[in-house]
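Enquirer: Coordinates in data-v2.pdb, PDB, C-alpha atoms and all ligand atoms, are listed below.
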MODEL        1
ATOM      1  CA  MET T   1       0.000   0.000   0.000
ATOM      2  CA  LYS T   2       1.023   3.635  -0.495
ATOM      3  CA  LEU T   3       1.335   5.473   2.804
ATOM      4  CA  LYS T   4       1.417   9.274   3.124
ATOM      5  CA  PHE T   5       3.757  10.505   5.858
ATOM      6  CA  THR T   6       5.382  13.653   7.243
ATOM      7  CA  LYS T   7       8.977  13.631   8.450
ATOM      8  CA  MET T   8       9.440  15.865  11.526
ATOM      9  CA  GLN T   9      12.029  16.561  14.204
ATOM     10  CA  GLY T  10      12.184  18.175  17.619
ATOM     11  CA  ALA T  11      15.705  19.056  18.824
ATOM     12  CA  GLY T  12      17.022  16.397  16.435
ATOM     13  CA  ASN T  13      14.804  13.566  17.773
ATOM     14  CA  ASP T  14      13.192  12.538  14.470
ATOM     15  CA  PHE T  15       9.791  11.145  13.610
ATOM     16  CA  VAL T  16       7.641   9.761  10.836
ATOM     17  CA  VAL T  17       4.155  11.124  11.539
ATOM     18  CA  ILE T  18       1.132   9.361  10.020
ATOM     19  CA  ASP T  19      -2.452  10.574   9.781
ATOM     20  CA  ALA T  20      -4.439   7.441  10.632
ATOM     21  CA  ILE T  21      -7.720   9.379  10.614
ATOM     22  CA  HIS T  22      -7.700   9.577   6.804
ATOM     23  CA  GLN T  23      -5.605   6.448   6.107
ATOM     24  CA  GLN T  24      -6.208   2.849   7.162
ATOM     25  CA  ILE T  25      -3.211   1.616   9.215
ATOM     26  CA  ASP T  26      -2.786  -1.895  10.552
ATOM     27  CA  PHE T  27       0.938  -2.596  10.509
ATOM     28  CA  SER T  28       3.079  -5.316  12.039
ATOM     29  CA  ALA T  29       6.163  -4.598  14.191
ATOM     30  CA  GLU T  30       8.249  -5.574  11.127
ATOM     31  CA  GLN T  31       6.538  -2.870   9.008
ATOM     32  CA  TRP T  32       7.122  -0.199  11.686
ATOM     33  CA  ARG T  33      10.789  -1.254  11.840
ATOM     34  CA  ARG T  34      11.096  -0.989   8.055
ATOM     35  CA  LEU T  35       9.493   2.458   7.982
ATOM     36  CA  ALA T  36      11.916   3.660  10.699
ATOM     37  CA  ASP T  37      14.927   2.066   9.008
ATOM     38  CA  ARG T  38      17.337   4.719   7.689
ATOM     39  CA  ARG T  39      18.331   2.606   4.653
ATOM     40  CA  PHE T  40      15.239   0.581   3.732
ATOM     41  CA  GLY T  41      12.572   3.065   4.908
ATOM     42  CA  VAL T  42      12.112   6.764   5.695
ATOM     43  CA  GLY T  43      14.246   6.703   8.857
ATOM     44  CA  ALA T  44      13.180   7.852  12.319
ATOM     45  CA  ASP T  45      13.730   7.355  16.037
ATOM     46  CA  GLN T  46       9.957   6.999  16.524
ATOM     47  CA  ILE T  47       6.817   6.663  14.415
ATOM     48  CA  LEU T  48       3.871   8.748  15.616
ATOM     49  CA  ILE T  49       0.291   7.880  14.749
ATOM     50  CA  VAL T  50      -2.557  10.405  14.804
ATOM     51  CA  GLU T  51      -5.916   8.756  15.498
ATOM     52  CA  ARG T  52      -9.402   9.688  16.648
ATOM     53  CA  PRO T  53      -9.649   9.464  20.459
ATOM     54  CA  THR T  54     -11.343   6.662  22.355
ATOM     55  CA  ALA T  55     -11.115   8.430  25.768
ATOM     56  CA  PRO T  56     -13.665  11.045  26.909
ATOM     57  CA  GLY T  57     -12.377  14.636  26.867
ATOM     58  CA  ALA T  58      -9.526  13.947  24.426
ATOM     59  CA  ASP T  59      -9.226  15.582  20.973
ATOM     60  CA  PHE T  60      -6.882  12.967  19.489
ATOM     61  CA  ARG T  61      -5.246   9.653  20.267
ATOM     62  CA  TYR T  62      -1.439   9.538  19.963
ATOM     63  CA  ARG T  63       0.313   6.190  19.441
ATOM     64  CA  ILE T  64       4.089   5.822  19.489
ATOM     65  CA  PHE T  65       6.334   3.116  18.025
ATOM     66  CA  ASN T  66      10.085   2.981  18.662
ATOM     67  CA  SER T  67      12.398   2.246  15.726
ATOM     68  CA  ASP T  68      12.641  -1.371  17.007
ATOM     69  CA  GLY T  69       8.892  -1.753  16.209
ATOM     70  CA  GLY T  70       7.673  -1.793  19.841
ATOM     71  CA  GLU T  71       4.726   0.356  20.908
ATOM     72  CA  VAL T  72       5.471   2.590  23.927
ATOM     73  CA  GLU T  73       3.578   4.741  26.391
ATOM     74  CA  GLN T  74       4.938   8.250  25.895
ATOM     75  CA  CYS T  75       7.203  10.524  23.818
ATOM     76  CA  GLY T  76       7.718  14.177  24.797
ATOM     77  CA  ASN T  77       9.474  15.544  21.706
ATOM     78  CA  GLY T  78       6.937  13.631  19.643
ATOM     79  CA  ALA T  79       4.077  15.334  21.499
ATOM     80  CA  ARG T  80       5.314  18.703  20.230
ATOM     81  CA  ALA T  81       5.574  17.348  16.673
ATOM     82  CA  PHE T  82       2.068  15.862  17.050
ATOM     83  CA  ALA T  83       0.608  19.270  17.989
ATOM     84  CA  ARG T  84       2.373  21.025  15.096
ATOM     85  CA  PHE T  85       1.185  18.284  12.676
ATOM     86  CA  VAL T  86      -2.516  18.432  13.625
ATOM     87  CA  SER T  87      -2.425  22.224  13.348
ATOM     88  CA  ASP T  88      -0.536  22.314  10.006
ATOM     89  CA  LYS T  89      -2.835  19.652   8.515
ATOM     90  CA  GLY T  90      -5.968  21.527   9.631
ATOM     91  CA  LEU T  91      -7.067  18.628  11.853
ATOM     92  CA  SER T  92      -7.488  21.116  14.713
ATOM     93  CA  GLY T  93      -7.890  24.893  14.833
ATOM     94  CA  GLU T  94      -7.104  25.058  18.561
ATOM     95  CA  ARG T  95      -3.775  26.227  19.981
ATOM     96  CA  SER T  96      -4.160  23.841  22.933
ATOM     97  CA  ILE T  97      -5.296  20.255  22.497
ATOM     98  CA  ARG T  98      -5.850  17.254  24.754
ATOM     99  CA  VAL T  99      -4.112  14.131  23.591
ATOM    100  CA  GLN T 100      -4.817  10.574  24.727
ATOM    101  CA  THR T 101      -1.717   8.399  25.151
ATOM    102  CA  MET T 102      -1.132   4.918  26.562
ATOM    103  CA  SER T 103      -0.207   6.594  29.855
ATOM    104  CA  GLY T 104      -2.972   9.213  30.122
ATOM    105  CA  ILE T 105      -3.860  12.627  28.738
ATOM    106  CA  ILE T 106      -1.190  15.208  27.883
ATOM    107  CA  ALA T 107      -1.850  18.772  26.716
ATOM    108  CA  PRO T 108       0.376  20.493  24.118
ATOM    109  CA  THR T 109       0.032  24.229  23.402
ATOM    110  CA  LEU T 110       1.385  26.047  20.330
ATOM    111  CA  GLU T 111       3.311  29.154  21.401
ATOM    112  CA  ASP T 112       3.519  32.445  19.457
ATOM    113  CA  ASP T 113       7.277  32.006  18.840
ATOM    114  CA  GLY T 114       6.700  28.675  17.024
ATOM    115  CA  SER T 115       7.748  26.471  19.935
ATOM    116  CA  VAL T 116       5.384  24.050  21.680
ATOM    117  CA  THR T 117       4.869  23.583  25.431
ATOM    118  CA  VAL T 118       3.466  20.283  26.667
ATOM    119  CA  ASP T 119       1.817  19.601  30.002
ATOM    120  CA  MET T 120       3.231  16.086  30.417
ATOM    121  CA  GLY T 121       1.362  15.280  33.645
ATOM    122  CA  ALA T 122       2.958  14.443  36.989
ATOM    123  CA  PRO T 123       5.976  12.144  37.202
ATOM    124  CA  VAL T 124       5.580   8.769  38.889
ATOM    125  CA  LEU T 125       8.225   8.213  41.540
ATOM    126  CA  GLU T 126       6.995   5.006  43.160
ATOM    127  CA  PRO T 127       9.576   2.392  42.020
ATOM    128  CA  ALA T 128       7.175  -0.531  41.480
ATOM    129  CA  THR T 129       4.998   1.631  39.204
ATOM    130  CA  VAL T 130       7.923   2.847  37.025
ATOM    131  CA  PRO T 131       8.365  -0.266  36.907
ATOM    132  CA  PHE T 132      11.578  -0.966  38.872
ATOM    133  CA  ASP T 133      12.144  -4.102  40.925
ATOM    134  CA  SER T 134      13.736  -2.971  44.206
ATOM    135  CA  ALA T 135      13.488  -6.401  45.896
ATOM    136  CA  GLY T 136      16.438  -7.081  48.202
ATOM    137  CA  LEU T 137      17.820  -3.521  47.961
ATOM    138  CA  PRO T 138      18.070  -1.534  51.211
ATOM    139  CA  GLY T 139      15.206   0.961  51.837
ATOM    140  CA  LEU T 140      16.061   4.552  50.966
ATOM    141  CA  PRO T 141      15.625   7.609  53.188
ATOM    142  CA  GLN T 142      12.705   9.983  52.574
ATOM    143  CA  GLY T 143      13.494  12.432  49.754
ATOM    144  CA  HIS T 144      15.990  10.004  48.211
ATOM    145  CA  ASP T 145      13.367   7.429  47.363
ATOM    146  CA  THR T 146      14.029   7.526  43.628
ATOM    147  CA  LEU T 147      17.783   6.818  43.901
ATOM    148  CA  TRP T 148      18.846   3.169  43.614
ATOM    149  CA  PRO T 149      22.157   1.388  42.993
ATOM    150  CA  LEU T 150      22.579  -0.539  39.711
ATOM    151  CA  THR T 151      25.486  -2.898  39.153
ATOM    152  CA  LEU T 152      26.964  -2.458  35.664
ATOM    153  CA  GLN T 153      30.246  -3.308  33.932
ATOM    154  CA  LEU T 154      32.676  -0.682  32.630
ATOM    155  CA  GLN T 155      35.567  -1.993  30.504
ATOM    156  CA  GLY T 156      35.265  -5.406  32.147
ATOM    157  CA  ALA T 157      35.197  -4.103  35.755
ATOM    158  CA  PRO T 158      32.057  -4.031  37.939
ATOM    159  CA  LEU T 159      30.703  -0.555  38.599
ATOM    160  CA  GLU T 160      27.941   0.471  41.004
ATOM    161  CA  VAL T 161      25.967   3.430  39.636
ATOM    162  CA  PRO T 162      23.240   5.279  41.585
ATOM    163  CA  VAL T 163      20.302   5.966  39.282
ATOM    164  CA  SER T 164      17.128   7.971  39.848
ATOM    165  CA  VAL T 165      14.157   5.925  38.748
ATOM    166  CA  VAL T 166      11.320   8.068  37.334
ATOM    167  CA  SER T 167       8.346   7.433  35.067
ATOM    168  CA  MET T 168       7.010  10.144  32.774
ATOM    169  CA  GLY T 169       4.478   7.600  31.534
ATOM    170  CA  ASN T 170       7.514   5.710  30.212
ATOM    171  CA  PRO T 171      10.403   4.484  32.383
ATOM    172  CA  HIS T 172      13.679   6.376  32.932
ATOM    173  CA  ALA T 173      16.880   5.741  34.895
ATOM    174  CA  VAL T 174      18.953   8.917  35.290
ATOM    175  CA  GLN T 175      22.574   8.987  36.395
ATOM    176  CA  VAL T 176      24.692  12.060  37.126
ATOM    177  CA  VAL T 177      27.966  12.248  35.168
ATOM    178  CA  GLU T 178      30.935  14.638  35.330
ATOM    179  CA  ASP T 179      30.921  15.339  31.595
ATOM    180  CA  ALA T 180      28.030  14.356  29.320
ATOM    181  CA  GLU T 181      30.201  14.570  26.174
ATOM    182  CA  THR T 182      32.692  11.934  27.365
ATOM    183  CA  ALA T 183      30.247   9.769  29.381
ATOM    184  CA  PRO T 184      30.373   6.088  28.280
ATOM    185  CA  VAL T 185      26.814   6.205  26.894
ATOM    186  CA  ALA T 186      27.391   3.552  24.202
ATOM    187  CA  GLU T 187      28.831   1.085  26.752
ATOM    188  CA  LEU T 188      26.525   1.690  29.737
ATOM    189  CA  GLY T 189      23.326   2.642  27.878
ATOM    190  CA  PRO T 190      22.435  -0.867  26.622
ATOM    191  CA  GLN T 191      23.268  -2.409  30.031
ATOM    192  CA  VAL T 192      20.934   0.010  31.808
ATOM    193  CA  GLU T 193      18.222  -0.454  29.137
ATOM    194  CA  HIS T 194      18.243  -4.234  29.608
ATOM    195  CA  HIS T 195      19.028  -4.345  33.353
ATOM    196  CA  PRO T 196      16.924  -7.126  34.951
ATOM    197  CA  ARG T 197      15.531  -4.730  37.567
ATOM    198  CA  PHE T 198      13.526  -2.977  34.808
ATOM    199  CA  PRO T 199      10.912  -5.507  33.631
ATOM    200  CA  LYS T 200       9.780  -3.250  30.719
ATOM    201  CA  ARG T 201      13.370  -2.125  29.945
ATOM    202  CA  VAL T 202      14.219   1.548  30.490
ATOM    203  CA  ASN T 203      15.506   4.768  28.906
ATOM    204  CA  ALA T 204      18.991   5.572  30.271
ATOM    205  CA  GLY T 205      19.798   9.252  30.944
ATOM    206  CA  PHE T 206      23.293  10.706  31.501
ATOM    207  CA  MET T 207      22.972  14.153  33.110
ATOM    208  CA  GLN T 208      25.748  16.697  33.664
ATOM    209  CA  VAL T 209      24.757  19.494  36.044
ATOM    210  CA  VAL T 210      26.197  22.721  34.600
ATOM    211  CA  ASP T 211      24.533  24.931  37.224
ATOM    212  CA  ARG T 212      21.249  24.869  39.175
ATOM    213  CA  ARG T 213      19.261  25.934  36.090
ATOM    214  CA  HIS T 214      21.180  24.220  33.297
ATOM    215  CA  ILE T 215      22.028  20.605  32.481
ATOM    216  CA  LYS T 216      23.613  18.768  29.567
ATOM    217  CA  LEU T 217      21.867  15.508  28.814
ATOM    218  CA  ARG T 218      22.368  12.438  26.651
ATOM    219  CA  VAL T 219      19.801   9.656  26.565
ATOM    220  CA  PHE T 220      20.205   6.077  25.370
ATOM    221  CA  GLU T 221      16.576   5.384  24.509
ATOM    222  CA  ARG T 222      14.805   2.084  24.999
ATOM    223  CA  GLY T 223      14.103   0.612  21.576
ATOM    224  CA  ALA T 224      15.921   3.358  19.631
ATOM    225  CA  GLY T 225      19.510   3.713  20.924
ATOM    226  CA  GLU T 226      21.059   7.109  21.635
ATOM    227  CA  THR T 227      18.972   9.911  20.123
ATOM    228  CA  LEU T 228      19.915  13.580  19.679
ATOM    229  CA  ALA T 229      17.331  14.551  22.340
ATOM    230  CA  CYS T 230      14.670  12.861  24.460
ATOM    231  CA  GLY T 231      11.775  14.949  25.796
ATOM    232  CA  THR T 232      10.570  12.580  28.507
ATOM    233  CA  GLY T 233      14.250  11.939  29.333
ATOM    234  CA  ALA T 234      14.700  15.696  29.870
ATOM    235  CA  CYS T 235      11.606  15.783  32.131
ATOM    236  CA  ALA T 236      12.838  12.768  34.126
ATOM    237  CA  ALA T 237      16.364  14.197  34.504
ATOM    238  CA  VAL T 238      15.060  17.546  35.786
ATOM    239  CA  VAL T 239      12.646  15.856  38.211
ATOM    240  CA  ALA T 240      15.512  13.662  39.462
ATOM    241  CA  GLY T 241      17.845  16.670  39.763
ATOM    242  CA  ILE T 242      15.298  18.752  41.681
ATOM    243  CA  ARG T 243      14.543  15.852  44.055
ATOM    244  CA  ARG T 244      18.269  15.350  44.626
ATOM    245  CA  GLY T 245      18.640  19.053  45.533
ATOM    246  CA  LEU T 246      20.850  19.799  42.507
ATOM    247  CA  LEU T 247      18.494  21.898  40.352
ATOM    248  CA  ASP T 248      15.863  24.646  40.558
ATOM    249  CA  SER T 249      12.961  24.961  38.102
ATOM    250  CA  PRO T 250      12.888  26.040  35.289
ATOM    251  CA  VAL T 251      15.879  24.200  33.844
ATOM    252  CA  ARG T 252      17.491  24.609  30.431
ATOM    253  CA  VAL T 253      18.396  21.211  28.964
ATOM    254  CA  SER T 254      21.134  21.124  26.325
ATOM    255  CA  ALA T 255      20.930  17.995  24.219
ATOM    256  CA  ARG T 256      23.176  17.176  21.268
ATOM    257  CA  GLY T 257      20.353  18.097  18.861
ATOM    258  CA  GLY T 258      19.046  21.265  20.514
ATOM    259  CA  GLU T 259      17.682  23.008  23.567
ATOM    260  CA  LEU T 260      14.651  22.163  25.701
ATOM    261  CA  SER T 261      13.208  23.869  28.749
ATOM    262  CA  ILE T 262      11.603  22.006  31.651
ATOM    263  CA  ALA T 263       9.529  23.426  34.502
ATOM    264  CA  TRP T 264       8.368  21.425  37.532
ATOM    265  CA  ALA T 265       6.843  22.876  40.706
ATOM    266  CA  GLY T 266       7.447  19.674  42.700
ATOM    267  CA  GLU T 267       5.701  16.596  44.120
ATOM    268  CA  GLY T 268       2.303  15.855  42.550
ATOM    269  CA  GLN T 269       2.633  18.685  39.973
ATOM    270  CA  ALA T 270       2.719  18.362  36.192
ATOM    271  CA  VAL T 271       6.007  18.710  34.307
ATOM    272  CA  HIS T 272       6.041  21.256  31.451
ATOM    273  CA  LEU T 273       8.281  20.599  28.473
ATOM    274  CA  SER T 274       9.003  23.360  25.901
ATOM    275  CA  GLY T 275      10.961  23.174  22.681
ATOM    276  CA  PRO T 276      10.882  23.163  18.886
ATOM    277  CA  ALA T 277       8.798  21.049  16.504
ATOM    278  CA  VAL T 278       9.732  21.244  12.829
ATOM    279  CA  THR T 279       8.482  19.651   9.590
ATOM    280  CA  VAL T 280      11.378  18.399   7.461
ATOM    281  CA  PHE T 281       9.585  16.954   4.402
ATOM    282  CA  GLU T 282       6.502  15.041   3.295
ATOM    283  CA  GLY T 283       6.221  11.984   1.112
ATOM    284  CA  GLU T 284       4.615   8.709   0.168
ATOM    285  CA  ILE T 285       6.124   5.263   0.622
ATOM    286  CA  ASN T 286       5.170   1.783  -0.568
ATOM    287  CA  ILE T 287       4.867  -0.397   2.471
TER     288      ILE T 287
HETATM  289  N1  LIG T 301      12.120  10.291  22.236
HETATM  290  C1  LIG T 301      11.091  10.231  23.169
HETATM  291  C2  LIG T 301      10.854   8.967  23.931
HETATM  292  C3  LIG T 301      10.408   7.830  23.007
HETATM  293  C4  LIG T 301      10.032   6.557  23.724
HETATM  294  C5  LIG T 301      11.169   5.905  24.459
HETATM  295  N2  LIG T 301      12.232   5.462  23.588
HETATM  296  C6  LIG T 301      10.627   4.710  25.276
HETATM  297  O1  LIG T 301      10.813   3.560  24.840
HETATM  298  O2  LIG T 301      10.034   4.929  26.321
HETATM  299  C7  LIG T 301      10.844  11.503  23.944
HETATM  300  O3  LIG T 301      11.111  12.572  23.378
HETATM  301  O4  LIG T 301      10.304  11.454  25.035
ENDMDL
END
Could I get this file's structure written as structure tokens?
Ligand SMILES: N[C@@H](CCC[C@H](N)C(=O)O)C(=O)O

Expert:
Amino acid sequence: MKLKFTKMQGAGNDFVVIDAIHQQIDFSAEQWRRLADRRFGVGADQILIVERPTAPGADFRYRIFNSDGGEVEQCGNGARAFARFVSDKGLSGERSIRVQTMSGIIAPTLEDDGSVTVDMGAPVLEPATVPFDSAGLPGLPQGHDTLWPLTLQLQGAPLEVPVSVVSMGNPHAVQVVEDAETAPVAELGPQVEHHPRFPKRVNAGFMQVVDRRHIKLRVFERGAGETLACGTGACAAVVAGIRRGLLDSPVRVSARGGELSIAWAGEGQAVHLSGPAVTVFEGEINI
């Protein structure tokens, strides 16, 4: 079949966006993988599907597939692209929309300067819900209840790394590093992603604190490898940094592909993610 798509990016995290309101889509994991493949398909970190909602109070349903073909709960940079897409395609005339995801409703707003701000909802900090298996690990003091030790291997030697475990609808493990540029992301990222304490795997964040309102961040994403930016990863890193007493909201997040801004007022409050959302090209592919 011929599939119409739009290629988009937000801070270098790239997407194939598909209108499934006006096209019939029923693809296998293999077809999603092929579409995301940079040689055999269009190429993307994630594929984003725009559907009619099934939840009351939502304007659209947003489905997300990683480049490995797996469907996932949330994607922050994608949420900005989603909002830009539905506006550009005339699917909505509103500046603010309510979007149903696998992990609840999020609310993107188009800003006058062309950026998009997304109310991502409140982070989940309870380890079992992330999900993280803390069985057998010592209990953690109040206020440090997201920080857990993970045993990894670095150049053949065992290494114990404290990670903050946070869900933004999808699971994240954030570690603090001296220098994000030289952090061993390619070596540690896959070990964190597949660590047995994360039953649904996890996105692995490497955060360098530049000052209390600025971090540098690299994320080895579950199901996609290292991307140039990760929106939910930025939210999780800032939540972890604020809880660890290292950061104050709002925080500028420098990723390899661009800049994001994250605001969080604390426990029980929604995280707000702001950044760019850009259309790169449109096309049609035989799939
Ligand atoms: N790039 C995304 C996150 C996409 C999903 C993630 N890889 C997962 O498996 O949870 C973002 O901007 O949040």

Enquirer: Residues within 8 Å of ligand LIG 301 (chain T) should be enumerated using all atoms listed in the file and returned as a ChimeraX atom specification.

Expert: /T:13,45-46,64-66,70-79,170-172,202-203,221-225,227,229-234

Enquirer: Using the chain letters and residue numbers of this document, give as a list of chain:residue names the residues selected by the PyMOL selection byres (((chain T and resi 89) around 12) and not hetatm).

Expert: T:Phe5, T:Thr6, T:Val17, T:Ile18, T:Asp19, T:Ile21, T:His22, T:Val50, T:Ala81, T:Phe82, T:Ala83, T:Arg84, T:Phe85, T:Val86, T:Ser87, T:Asp88, T:Gly90, T:Leu91, T:Ser92, T:Gly93, T:Thr279, T:Glu282

Enquirer: If we count all atoms listed in the file and set the cut-off at 7 Å, which residues sit around Arg95 of chain T, ignoring sequence neighbours fewer than 2 positions away in its own chain? Please answer as a PyMOL selection string.

Expert: chain T and resi 93+97+109-110

Enquirer: When you count all atoms listed in the file, which of these residues is closest to Gln208 of chain T: T:Leu147, T:Val174, T:Leu260, T:Ile47?

Expert: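 Among the listed residues, the smallest separation from Gln208 of chain T belongs to T:Val174.
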
Enquirer: Given all atoms listed in the file as the basis, pick out the residue of T:His195, T:Arg252, T:Lys2, T:Arg61 nearest to Gln24 of chain T.

Expert: T:Lys2

Enquirer: To one decimal place in Å, what is the distance between atom CA of Ser96 of chain T and atom CA of Ala44 of chain T?

Expert: 25.9 Å

Enquirer: Just how far from atom CA of Met168 of chain T is atom CA of Ile105 of chain T, in Å to one decimal?

Expert: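 Interatomic distance, atom CA of Ile105 of chain T to atom CA of Met168 of chain T: 11.9 Å.
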
Enquirer: With all atoms listed in the file as the basis for distance, which of T:Arg33, T:His272, T:Arg38, T:Arg52 is at the shortest distance from Ala20 of chain T?

Expert: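 Checking each candidate against Ala20 of chain T, we get T:Arg52 as the closest.
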
Enquirer: Give as a list in words the residues that the PyMOL selection byres (((chain T and resi 120-135) around 6) and not hetatm) matches when applied to the coordinates above.

Expert: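 That selection, the PyMOL selection byres (((chain T and resi 120-135) around 6) and not hetatm), comes back as Ile106, Val118, Asp119, Gly136, Leu137, Val166, Ser167, Met168, Pro171, Arg197, Phe198, Gly268, Gln269, Ala270, Val271 and His272 of chain T.
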